[in-house]
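Participant: Data file my_file_15.txt (compact mmCIF, C-alpha atoms and all ligand atoms) is appended below.
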# COMPACT_ATOMS: atom_id res chain seq x y z
CA LEU V 604 60.37 14.80 17.55
CA ARG V 605 62.11 15.91 14.34
CA SER V 606 59.55 16.86 11.74
CA VAL V 607 59.85 15.12 8.39
CA LYS V 608 60.14 17.53 5.46
CA SER V 609 57.32 17.41 2.93
CA PHE V 610 58.24 16.85 -0.70
CA GLU V 611 57.10 20.39 -1.55
CA GLU V 612 59.43 21.76 1.12
CA ILE V 613 62.33 19.78 -0.31
CA LEU V 614 61.74 21.17 -3.79
CA LYS V 615 61.87 24.75 -2.50
CA GLN V 616 65.33 24.31 -0.97
CA GLY V 617 68.49 25.69 -2.54
CA GLU V 618 70.65 22.77 -1.40
CA PHE V 619 69.82 19.09 -1.56
CA SER V 620 71.10 16.21 0.53
CA GLN V 621 71.58 12.69 -0.80
CA PRO V 622 68.29 11.49 0.80
CA ASP V 623 66.47 14.50 -0.74
CA LEU V 624 67.75 13.46 -4.17
CA VAL V 625 66.75 9.84 -3.63
CA ARG V 626 63.22 11.05 -2.84
CA MET V 627 63.20 12.99 -6.12
CA LEU V 628 64.37 9.96 -8.06
CA LYS V 629 61.61 7.86 -6.54
CA ALA V 630 58.89 10.52 -6.93
CA GLU V 631 55.57 9.27 -8.28
CA GLY V 632 52.09 10.70 -8.87
CA ALA V 633 51.66 14.24 -7.49
CA ASP V 634 55.27 14.35 -6.27
CA ARG V 635 56.57 13.50 -9.74
CA THR V 636 54.39 16.24 -11.26
CA ALA V 637 55.63 18.73 -8.63
CA LEU V 638 59.27 17.76 -9.34
CA PHE V 639 58.83 18.27 -13.08
CA SER V 640 57.12 21.64 -12.72
CA ALA V 641 59.69 22.90 -10.20
CA ALA V 642 62.50 21.90 -12.58
CA ALA V 643 60.75 23.46 -15.60
CA ALA V 644 60.27 26.73 -13.70
CA ARG V 645 63.88 26.75 -12.50
CA LYS V 646 65.13 26.14 -16.01
CA GLU V 647 63.08 28.97 -17.48
CA ALA V 648 64.14 31.36 -14.71
CA VAL V 649 67.87 30.58 -14.95
CA VAL V 650 68.72 29.52 -18.52
CA GLY V 651 65.57 30.70 -20.34
CA LYS V 652 63.47 28.99 -23.00
CA LYS V 653 66.11 28.48 -25.65
CA VAL V 654 67.29 25.10 -26.80
CA TYR V 655 70.63 24.92 -28.61
CA PHE V 656 71.46 22.49 -31.38
CA ARG V 657 74.78 20.66 -31.56
CA GLY V 658 75.08 18.77 -34.83
CA LEU V 659 76.45 15.32 -33.98
CA VAL V 660 78.96 13.77 -36.37
CA GLU V 661 79.92 10.22 -35.41
CA PHE V 662 82.97 10.25 -37.64
CA SER V 663 84.49 6.84 -36.79
CA ASN V 664 83.38 3.69 -34.95
CA VAL V 665 86.91 2.29 -34.66
CA CYS V 666 87.65 1.86 -30.95
CA SER V 667 90.49 0.40 -28.93
CA LYS V 668 88.34 -0.12 -25.84
CA ASP V 669 85.99 -2.82 -24.72
CA CYS V 670 83.38 -1.19 -22.46
CA LEU V 671 81.05 -4.04 -21.55
CA TYR V 672 77.86 -2.17 -22.49
CA CYS V 673 78.79 -0.64 -25.84
CA GLY V 674 77.78 -2.06 -29.22
CA ILE V 675 80.89 -0.74 -31.00
CA ARG V 676 83.39 -2.14 -28.47
CA GLN V 677 86.55 -3.44 -30.06
CA SER V 678 85.71 -7.13 -29.52
CA ASN V 679 82.37 -6.94 -31.30
CA SER V 680 83.49 -8.51 -34.56
CA LYS V 681 80.02 -8.13 -36.10
CA VAL V 682 80.52 -4.38 -36.45
CA VAL V 683 81.55 -3.08 -39.86
CA ARG V 684 84.22 -0.51 -39.00
CA TYR V 685 84.29 2.84 -40.77
CA GLU V 686 86.13 6.12 -40.79
CA ALA V 687 84.17 8.82 -42.58
CA ALA V 688 86.13 10.67 -45.24
CA ASP V 689 87.25 14.22 -44.39
CA GLU V 690 85.06 15.65 -47.13
CA ASP V 691 81.94 13.96 -45.69
CA ILE V 692 82.72 15.18 -42.18
CA LEU V 693 83.32 18.70 -43.46
CA ALA V 694 80.11 18.58 -45.53
CA ALA V 695 78.14 17.68 -42.37
CA CYS V 696 79.79 20.60 -40.52
CA ARG V 697 79.06 22.93 -43.42
CA PHE V 698 75.42 21.85 -43.25
CA ALA V 699 75.41 22.69 -39.53
CA TRP V 700 76.96 26.10 -40.16
CA GLU V 701 74.70 26.99 -43.10
CA ASN V 702 71.67 25.99 -41.06
CA ARG V 703 72.88 28.11 -38.15
CA PHE V 704 73.21 25.23 -35.68
CA GLY V 705 75.83 27.12 -33.69
CA SER V 706 77.95 24.08 -32.84
CA VAL V 707 78.96 20.59 -33.87
CA VAL V 708 80.06 17.59 -31.83
CA LEU V 709 82.71 15.30 -33.29
CA GLN V 710 82.37 11.89 -31.68
CA SER V 711 84.22 8.62 -32.22
CA GLY V 712 85.61 5.50 -30.62
CA GLU V 713 88.75 5.98 -28.58
CA LEU V 714 92.12 5.77 -30.33
CA SER V 715 95.46 7.17 -29.25
CA SER V 716 97.57 6.73 -32.39
CA SER V 717 99.34 9.77 -33.76
CA THR V 718 97.46 9.29 -37.05
CA PHE V 719 94.16 9.70 -35.20
CA ILE V 720 95.36 12.64 -33.12
CA ASN V 721 96.72 14.45 -36.18
CA ARG V 722 93.56 13.78 -38.13
CA VAL V 723 91.31 15.28 -35.45
CA ASP V 724 93.65 18.24 -35.22
CA GLN V 725 93.44 18.84 -38.98
CA LEU V 726 89.64 18.49 -38.95
CA LEU V 727 89.35 21.08 -36.19
CA ARG V 728 91.34 23.59 -38.23
CA GLN V 729 89.33 22.88 -41.35
CA ILE V 730 85.99 23.25 -39.57
CA LYS V 731 87.11 26.55 -38.06
CA ALA V 732 88.20 27.74 -41.50
CA LEU V 733 85.05 26.70 -43.39
CA SER V 734 82.78 28.36 -40.81
CA LYS V 735 84.92 31.51 -40.50
CA GLY V 736 85.40 30.63 -36.85
CA GLU V 737 81.67 30.72 -36.21
CA LEU V 738 80.91 27.07 -35.45
CA GLY V 739 81.55 25.99 -31.89
CA ILE V 740 83.25 22.60 -31.72
CA THR V 741 82.77 19.95 -29.06
CA LEU V 742 84.89 16.80 -29.06
CA SER V 743 83.95 13.41 -27.67
CA CYS V 744 86.91 11.16 -28.49
CA GLY V 745 87.60 9.53 -25.15
CA GLU V 746 90.63 9.54 -22.88
CA GLN V 747 93.75 11.26 -24.20
CA SER V 748 96.95 12.75 -22.81
CA ARG V 749 97.19 16.33 -21.55
CA GLU V 750 99.26 17.21 -24.65
CA THR V 751 96.58 15.91 -26.99
CA TYR V 752 93.76 17.70 -25.16
CA GLN V 753 95.77 20.92 -25.19
CA ARG V 754 96.66 20.56 -28.85
CA TRP V 755 93.04 20.02 -29.86
CA PHE V 756 91.98 22.96 -27.69
CA ASN V 757 94.54 25.17 -29.38
CA SER V 758 93.23 24.05 -32.79
CA GLY V 759 89.69 25.16 -32.02
CA ALA V 760 87.81 22.65 -29.82
CA HIS V 761 86.37 24.40 -26.81
CA ARG V 762 84.06 21.82 -25.25
CA TYR V 763 84.68 18.17 -24.46
CA LEU V 764 82.30 15.38 -23.49
CA LEU V 765 83.63 12.50 -21.44
CA ARG V 766 81.05 10.64 -19.42
CA ILE V 767 82.14 9.19 -16.11
CA GLU V 768 79.47 6.51 -16.82
CA SER V 769 79.09 5.88 -13.07
CA SER V 770 80.71 7.82 -10.23
CA ASN V 771 80.76 4.66 -8.10
CA PRO V 772 84.20 3.09 -8.71
CA GLU V 773 82.86 -0.36 -7.84
CA LEU V 774 80.04 -0.13 -10.36
CA TYR V 775 82.44 1.37 -12.91
CA GLY V 776 84.58 -1.73 -12.39
CA LYS V 777 81.61 -4.01 -13.09
CA ILE V 778 80.77 -2.42 -16.45
CA HIS V 779 84.33 -2.22 -17.75
CA PRO V 780 87.01 -4.85 -18.26
CA ASN V 781 89.33 -5.19 -15.32
CA ASN V 782 92.52 -3.74 -16.82
CA ALA V 783 94.56 -0.53 -16.83
CA HIS V 784 93.03 0.53 -20.14
CA HIS V 785 89.67 0.94 -18.40
CA SER V 786 90.61 2.69 -15.17
CA PHE V 787 88.18 4.81 -13.15
CA GLU V 788 91.07 6.93 -11.83
CA LYS V 789 92.24 7.67 -15.38
CA ARG V 790 88.73 8.77 -16.33
CA LEU V 791 88.62 11.16 -13.37
CA GLU V 792 92.07 12.45 -14.17
CA CYS V 793 91.03 13.17 -17.76
CA LEU V 794 88.09 15.28 -16.56
CA GLN V 795 90.54 17.31 -14.48
CA LEU V 796 93.01 17.66 -17.39
CA LEU V 797 90.23 18.91 -19.65
CA LYS V 798 89.30 21.58 -17.17
CA GLU V 799 92.94 22.64 -16.80
CA CYS V 800 93.29 22.93 -20.59
CA GLY V 801 90.41 25.43 -20.61
CA TYR V 802 87.56 23.36 -22.02
CA GLN V 803 83.93 23.60 -21.06
CA VAL V 804 83.68 20.11 -19.68
CA GLY V 805 80.72 17.78 -20.00
CA THR V 806 80.22 14.44 -18.34
CA GLY V 807 77.34 12.17 -17.44
CA VAL V 808 76.19 8.70 -16.53
CA MET V 809 74.07 5.88 -17.83
CA ILE V 810 70.81 5.39 -15.97
CA GLY V 811 69.32 2.00 -15.18
CA LEU V 812 72.50 -0.08 -15.44
CA PRO V 813 72.59 -3.59 -13.98
CA PHE V 814 73.84 -3.42 -10.35
CA GLN V 815 73.01 0.32 -10.10
CA THR V 816 70.97 1.57 -7.12
CA MET V 817 69.02 4.78 -6.42
CA ASP V 818 71.77 5.69 -3.95
CA ASP V 819 74.31 5.38 -6.77
CA LEU V 820 72.29 7.73 -8.98
CA ALA V 821 71.79 10.31 -6.21
CA ASN V 822 75.55 10.13 -5.58
CA ASP V 823 76.14 10.63 -9.32
CA LEU V 824 74.19 13.89 -9.12
CA LEU V 825 76.23 15.02 -6.11
CA PHE V 826 79.40 14.04 -7.95
CA LEU V 827 78.46 16.31 -10.89
CA LYS V 828 77.99 19.16 -8.43
CA GLN V 829 81.17 18.39 -6.54
CA ILE V 830 83.37 18.45 -9.67
CA ASP V 831 81.60 21.67 -10.71
CA ILE V 832 80.75 20.40 -14.19
CA ASP V 833 79.62 22.78 -17.00
CA MET V 834 77.52 20.42 -19.11
CA VAL V 835 75.84 17.06 -18.59
CA GLY V 836 74.65 14.42 -21.03
CA MET V 837 73.04 11.45 -19.35
CA GLY V 838 70.51 8.98 -20.59
CA PRO V 839 69.09 5.53 -20.08
CA TYR V 840 71.33 2.51 -20.46
CA ILE V 841 69.98 0.43 -23.33
CA GLU V 842 71.08 -3.14 -23.81
CA HIS V 843 72.83 -4.43 -26.94
CA GLU V 844 72.78 -8.15 -27.56
CA ASP V 845 76.37 -8.38 -28.79
CA THR V 846 77.86 -7.05 -25.56
CA PRO V 847 78.86 -8.86 -22.34
CA LEU V 848 76.49 -6.76 -20.21
CA TYR V 849 73.53 -8.23 -22.11
CA ALA V 850 73.88 -11.36 -19.96
CA TYR V 851 72.72 -9.24 -16.99
CA ARG V 852 69.55 -7.92 -18.60
CA HIS V 853 67.44 -9.76 -16.01
CA LEU V 854 68.82 -7.25 -13.48
CA ILE V 855 67.51 -4.15 -15.23
CA THR V 856 64.07 -2.54 -15.10
CA SER V 857 61.78 -2.10 -18.11
CA LYS V 858 62.77 0.45 -20.74
CA GLN V 859 59.84 2.61 -19.71
CA GLU V 860 61.04 2.66 -16.11
CA ARG V 861 64.58 3.54 -17.16
CA PHE V 862 63.17 6.29 -19.34
CA ASP V 863 61.14 7.74 -16.51
CA LEU V 864 64.06 7.52 -14.12
CA ALA V 865 66.20 9.38 -16.65
CA LEU V 866 63.61 12.19 -16.76
CA ARG V 867 63.63 12.42 -12.96
CA MET V 868 67.46 12.55 -13.05
CA VAL V 869 67.31 15.49 -15.50
CA ALA V 870 64.75 17.35 -13.38
CA ALA V 871 66.68 16.75 -10.13
CA LEU V 872 69.91 17.91 -11.78
CA ARG V 873 68.28 21.11 -13.04
CA LEU V 874 67.29 21.89 -9.45
CA LEU V 875 70.73 20.96 -8.11
CA MET V 876 72.74 22.83 -10.79
CA PRO V 877 70.39 25.38 -12.34
CA ASP V 878 72.87 27.17 -14.61
CA ILE V 879 74.53 24.26 -16.46
CA ASN V 880 73.78 22.96 -19.94
CA ILE V 881 71.89 19.67 -19.88
CA ALA V 882 71.56 17.60 -23.07
CA ALA V 883 68.44 15.63 -23.93
CA ALA V 884 70.15 12.30 -24.65
CA THR V 885 69.51 10.48 -27.91
CA ALA V 886 68.96 7.27 -25.92
CA LEU V 887 65.73 8.84 -24.59
CA GLN V 888 64.41 8.91 -28.14
CA ALA V 889 65.30 5.24 -28.62
CA ILE V 890 62.71 4.41 -25.96
CA ASP V 891 60.09 7.09 -26.63
CA PRO V 892 59.90 8.92 -29.99
CA ALA V 893 59.16 12.17 -28.11
CA GLY V 894 61.72 11.41 -25.41
CA ARG V 895 64.07 14.30 -26.02
CA GLU V 896 61.24 16.83 -26.14
CA LYS V 897 59.94 15.48 -22.83
CA ALA V 898 63.41 16.07 -21.34
CA VAL V 899 63.46 19.62 -22.75
CA LYS V 900 60.13 20.34 -21.05
CA ILE V 901 61.47 19.43 -17.63
CA GLY V 902 65.04 20.71 -17.64
CA ALA V 903 67.23 19.94 -20.66
CA ASN V 904 68.36 22.77 -22.96
CA ILE V 905 70.63 21.06 -25.52
CA ILE V 906 69.71 18.73 -28.39
CA MET V 907 72.17 16.92 -30.63
CA PRO V 908 70.59 16.29 -34.04
CA ASN V 909 72.40 13.49 -35.82
CA LEU V 910 74.39 14.71 -38.84
CA THR V 911 76.41 11.52 -39.29
CA PRO V 912 76.50 10.64 -43.01
CA SER V 913 73.50 8.30 -43.34
CA ALA V 914 75.56 5.46 -44.88
CA PHE V 915 77.39 5.01 -41.55
CA ARG V 916 74.58 5.38 -39.04
CA LYS V 917 73.71 1.69 -38.93
CA ASP V 918 77.34 0.97 -37.99
CA TYR V 919 77.28 3.29 -34.95
CA GLN V 920 74.85 1.16 -32.98
CA LEU V 921 75.79 1.71 -29.35
CA TYR V 922 72.54 0.07 -28.26
CA GLU V 923 69.45 -1.49 -29.81
CA ASP V 924 66.81 0.67 -31.55
CA LYS V 925 69.09 3.70 -31.96
CA PRO V 926 66.84 6.25 -33.71
CA CYS V 927 67.04 8.19 -37.02
CA LEU V 928 68.98 5.52 -38.89
CA ASP V 929 67.59 6.39 -42.29
CA GLU V 930 66.95 10.13 -41.99
CA ASP V 931 69.05 12.67 -43.81
CA ALA V 932 70.17 15.87 -42.09
CA ASP V 933 67.41 18.05 -43.57
CA GLN V 934 64.64 15.73 -42.45
CA CYS V 935 66.23 15.58 -39.06
CA ARG V 936 66.24 19.36 -38.66
CA ASN V 937 62.65 19.80 -39.79
CA CYS V 938 61.40 17.10 -37.53
CA LEU V 939 63.26 18.53 -34.55
CA GLU V 940 62.02 22.05 -35.10
CA ALA V 941 58.43 20.91 -34.97
CA ARG V 942 59.10 18.92 -31.86
CA ILE V 943 60.90 21.67 -29.97
CA GLU V 944 58.04 24.02 -30.64
CA LEU V 945 55.72 21.39 -29.24
CA ALA V 946 57.84 21.37 -26.10
CA GLY V 947 57.20 25.14 -25.72
CA SER V 948 60.79 26.18 -26.42
CA GLU V 949 62.59 28.07 -29.13
CA ILE V 950 65.81 27.21 -30.93
CA GLY V 951 68.87 29.38 -30.31
CA TYR V 952 69.95 29.58 -33.96
CA GLY V 953 73.44 30.78 -34.74
CA GLU V 954 74.49 30.92 -31.09
CA TRP V 955 77.12 28.83 -29.37
CA GLY V 956 74.88 28.52 -26.35
CA ASP V 957 77.72 28.23 -23.88
CA SER V 958 76.92 27.05 -20.41
CA ASN V 959 76.16 30.00 -18.10
CA HIS V 960 77.93 28.01 -15.45
CA PHE V 961 81.14 28.00 -17.48
CA SER V 962 80.96 31.77 -18.06
CA ARG V 963 80.58 32.33 -14.30
CA ARG V 964 83.45 29.97 -13.49
CA GLN V 965 85.89 32.03 -15.66
N1 LIG K 1 84.36 6.69 -27.16
C1 LIG K 1 84.02 7.89 -26.49
C2 LIG K 1 83.73 7.64 -25.03
O1 LIG K 1 83.47 6.50 -24.66
O2 LIG K 1 83.78 8.62 -24.27
C3 LIG K 1 82.84 8.61 -27.11
C4 LIG K 1 81.81 7.76 -27.79
S1 LIG K 1 80.88 6.69 -26.71
C5 LIG K 1 80.00 5.72 -27.85
C6 LIG K 1 79.65 7.85 -26.10
C7 LIG K 1 78.77 7.37 -24.97
O3 LIG K 1 77.87 6.37 -25.43
C8 LIG K 1 79.45 6.72 -23.81
O4 LIG K 1 80.00 7.67 -22.93
C9 LIG K 1 78.32 5.92 -23.17
O5 LIG K 1 77.75 6.58 -22.05
C10 LIG K 1 77.26 5.85 -24.29
N2 LIG K 1 76.84 4.45 -24.51
C11 LIG K 1 77.59 3.43 -24.97
N3 LIG K 1 76.88 2.29 -24.93
C12 LIG K 1 75.66 2.59 -24.43
C13 LIG K 1 74.48 1.83 -24.15
N4 LIG K 1 74.46 0.51 -24.35
N5 LIG K 1 73.40 2.48 -23.65
C14 LIG K 1 73.44 3.81 -23.45
N6 LIG K 1 74.52 4.58 -23.69
C15 LIG K 1 75.61 3.97 -24.17
FE1 LIG K 2 84.70 2.68 -27.24
FE2 LIG K 2 83.37 4.77 -26.19
FE3 LIG K 2 82.11 2.45 -26.80
FE4 LIG K 2 83.79 2.50 -24.73
S1 LIG K 2 81.87 3.66 -24.93
S2 LIG K 2 83.71 0.91 -26.32
S3 LIG K 2 85.34 3.92 -25.49
S4 LIG K 2 83.08 3.88 -28.22
Would it be possible to restate this file's structure as C-alpha cells?
Ligand code: SAM
Ligand code: SF4
Facilitator:
Amino acid sequence: LRSVKSFEEILKQGEFSQPDLVRMLKAEGADRTALFSAAAARKEAVVGKKVYFRGLVEFSNVCSKDCLYCGIRQSNSKVVRYEAADEDILAACRFAWENRFGSVVLQSGELSSSTFINRVDQLLRQIKALSKGELGITLSCGEQSRETYQRWFNSGAHRYLLRIESSNPELYGKIHPNNAHHSFEKRLECLQLLKECGYQVGTGVMIGLPFQTMDDLANDLLFLKQIDIDMVGMGPYIEHEDTPLYAYRHLITSKQERFDLALRMVAALRLLMPDINIAAATALQAIDPAGREKAVKIGANIIMPNLTPSAFRKDYQLYEDKPCLDEDADQCRNCLEARIELAGSEIGYGEWGDSNHFSRRQ
C-alpha cells in the first residue's frame, strides 16, 4: 500500500505537485494554520522582514478593451473618463520620492495610439529626472508591441505588470470577449517579450472567478513557476454591477471565502517560489480593511499605496467597494505604516526592493 503523505510532510517538501497545491488551497483548521506559519517562516528566511512600497498612480482610465469583469471596460458608458495631467502625475511621483517610497507604478487602461505611447515615454523620462534616477518605475499599461516595451524600458521603466488573469485558456476565453483584441496567446507572448526586453516581469490571476476551479488555481501557481516569473500580484475577483460578468455572480463564493482563498494562494506561492516579490493586492483590502496586512503576515512583501490624485479615484472603480477613495497620499502613508508594523514587518524605505529571483536570473 502506498502511504498517503500527511499535510505537515507536504509543507516540508521543496517541490510541490498539483495535488499538493490543491490540498494547500483547501486547507482548513490546523492545516490552514500550519500552511500560514510555514509560508511566514519561508518568507522571513528567504526575503526577510522588509515590505517595499510602490506608489500606485492610476493615471488614466481610458481603455480600448472590454474585459468582462472590469469596471472601466470601454463599453461601460457610466464611467467618467479621465487622463491625469502630467503635472499631477509628476507631483504624485515627487511625493513618492520625497517620502522615500523607492518605486512608483504607473497604471492605466490599455491604449496603443502613438499619442499614448509617446506620453508614457515622456513621463518616464521626467520621473527619472525629478528623482535623480532614484525612483524605480513599474509600468502596468497592458499589451503593447515589442518596440513599445523596448522604448519604455530604454526610457527608464524596469518592471512591468501584466496579469495573465487565468492560465487556463478556456477560462480566459470565458472572461474576455471572443475576438483577436482579447487573445490568450497574445497575452502570453507579451509576457515573453517583456522578459526579452529586460524587464522584471510581474503577472498574476484573479481568485474566485465564476467558472474557476481549485484545479485551475493550482495550475495557475504551477504556471507562475513554469514561466519563471519575478513578481506576482494576485487578488480576489470582486464583482462590479456594470460589467457582463456580474450576471454570473450566483456562481461565485462569498467575498470572505474568496478572501481566504486568496490568502492561501499567497501562502502556497511563497512556498513554491520563495524568492519572488509577492504583492498584497488592493482587492484584499476591499473585502477586509486589514486584508493587505494579513497577506504580508503570511507571504507577501510588496504593498502599493494609492497615490492617484484623489479627484480621479472614484473613476478608477475596477470593482465595487474599492478602498481609500477619499484619502490623500499623506493619510495613506501614515495609515499603512501603522498597519505594517502591526503585521510585524518593517518598511524598506528608499530601496527599490528588486525581486531576489530577478537578480539570480541575471
Ligand atoms: N489595463 C491594464 C491591464 O489590464 O493589464 C492595467 C490595468 S487593469 C485595471 C489591472 C488589473 O485589474 C487587471 O489585470 C485585473 O486583474 C484587475 N481587475 C480588473 N477588474 C477586476 C475585478 N472586477 N476584480 C478584481 N480585479 C480586477
Ligand atoms: Fe482595460 Fe485593463 Fe480593465 Fe481590461 S482589465 S478593461 S485592459 S483596464
Participant: So, counting all atoms listed in the file, which residue among V:Val660, V:Gln795, V:Arg703, V:Phe826 is closest to Asp691 (chain V)?
Facilitator: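 Ranking V:Val660, V:Gln795, V:Arg703, V:Phe826 by distance to Asp691 (chain V), first place goes to V:Val660.
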Participant: Can you find the residues with an atom no farther than 10 Å from (68.8, 22.3, -33.1), counting all atoms listed in the file, and report them as a ChimeraX atom specification?
Facilitator: /V:654-658,699,702-706,905-909,935-937,939-940,943,949-953
Participant: Kindly provide, as a PyMOL selection string, all nucleotide and amino acid residues lying within 9 Å of ligand LIG 1 (chain K), counting all atoms listed in the file.
Facilitator: chain V and resi 661+664+666-668+670-676+710-714+742-746+764-768+806-810+812+836-843+846+848+884-886+919-923
Participant: Taking all atoms of region 836-845 of chain V that the file lists and extending 4 Å past them on each side, where is the centre of the axis-aligned box and how long are its edges? Answer in Å to one decimal, as lines of an AutoDock Vina configuration file.
Facilitator:
center_x = 72.7
center_y = 3.0
center_z = -24.1
size_x = 15.3
size_y = 30.8
size_z = 17.4
Participant: For a test of reading the model, state the distance in Å between CA of Asn782 (chain V) and CA of Asn822 (chain V), rounded to one decimal.
Facilitator: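 One can read the CA of Asn782 (chain V) to CA of Asn822 (chain V) distance as 24.6 Å.
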Participant: Figure out the distance between CA of Gly736 (chain V) and CA of Ala882 (chain V), please, to one decimal in Å.
Facilitator: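 Separating CA of Ala882 (chain V) from CA of Gly736 (chain V) is a distance of 23.5 Å.
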Participant: How many Å lie between CA of Lys608 (chain V) and CA of Glu647 (chain V), rounded to one decimal?
Facilitator: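 CA of Glu647 (chain V) lies at a distance of 25.8 Å from CA of Lys608 (chain V).
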Participant: Looking at all atoms listed in the file, which of V:Gln747, V:Ala760, V:Gly739, V:Arg645 is the one that sits closest to Gln725 (chain V)?
Facilitator: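 Once distances to Gln725 (chain V) are computed over all atoms listed in the file, the minimum belongs to V:Ala760.
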Participant: Using all atoms listed in the file, which protein or nucleic acid residues come within 12 Å of Glu792 (chain V)? Drop anything in the same chain fewer than 2 positions from it, and give the result as a PyMOL selection string.
Facilitator: chain V and resi 746-749+765+767+786-790+794-799+830
Participant: List the neighbours of Leu824 (chain V) out to 9 Å using all atoms listed in the file; skip same-chain residues closer than 6 positions along the sequence, and give me the result as a PyMOL selection string.
Facilitator: chain V and resi 621+624+770+868+871-872+875
Participant: Of the candidates V:Asp878, V:Lys646, V:Leu727, V:Ala821, which one gets nearest to Ile692 (chain V) if we count only C-alpha atoms?
Facilitator: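 Smallest distance to Ile692 (chain V) is found for V:Leu727.
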Participant: With all atoms listed in the file as the atoms that count, which of V:Lys731, V:Lys828, V:Arg684, V:Lys777 lies nearest to Glu618 (chain V)?
Facilitator: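 Closest to Glu618 (chain V), using all atoms listed in the file: V:Lys828.
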Participant: Point out the residue among V:Ser758, V:Gln729, V:Asn771, V:Thr816 with the least atom-to-atom distance to Val625 (chain V), counting only C-alpha atoms.
Facilitator: V:Thr816
Participant: Quick one: residues within 8 Å of Tyr685 (chain V), all atoms listed in the file counted, chain neighbours fewer than 4 positions away excluded, as a ChimeraX atom specification?
Facilitator: /V:663-665,915,918
Participant: Kindly indicate which residue among V:Asp833, V:Leu733, V:Gln753, V:Val708 lies nearest to Arg963 (chain V), using only C-alpha atoms for the distances.
Facilitator: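 That would be V:Asp833, the residue with the smallest distance to Arg963 (chain V).
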Participant: For a cut-off of 9 Å around (62.3, 23.5, -16.8), file coordinates, pick out all residues using only C-alpha atoms and list them as a ChimeraX atom specification.
Facilitator: /V:639-648,650-652,870,873,898-904
Participant: Mind checking which residues fall within 12 Å of His960 (chain V), counting only C-alpha atoms, ignoring those fewer than 5 positions away in the same chain, and posting them as a list of chain:residue names?
Facilitator: V:Val649, V:Val650, V:Gln803, V:Val804, V:Gly805, V:Lys828, V:Asp831, V:Ile832, V:Asp833, V:Met834, V:Val835, V:Met876, V:Pro877, V:Asp878, V:Ile879, V:Asn880, V:Ile881, V:Gln965
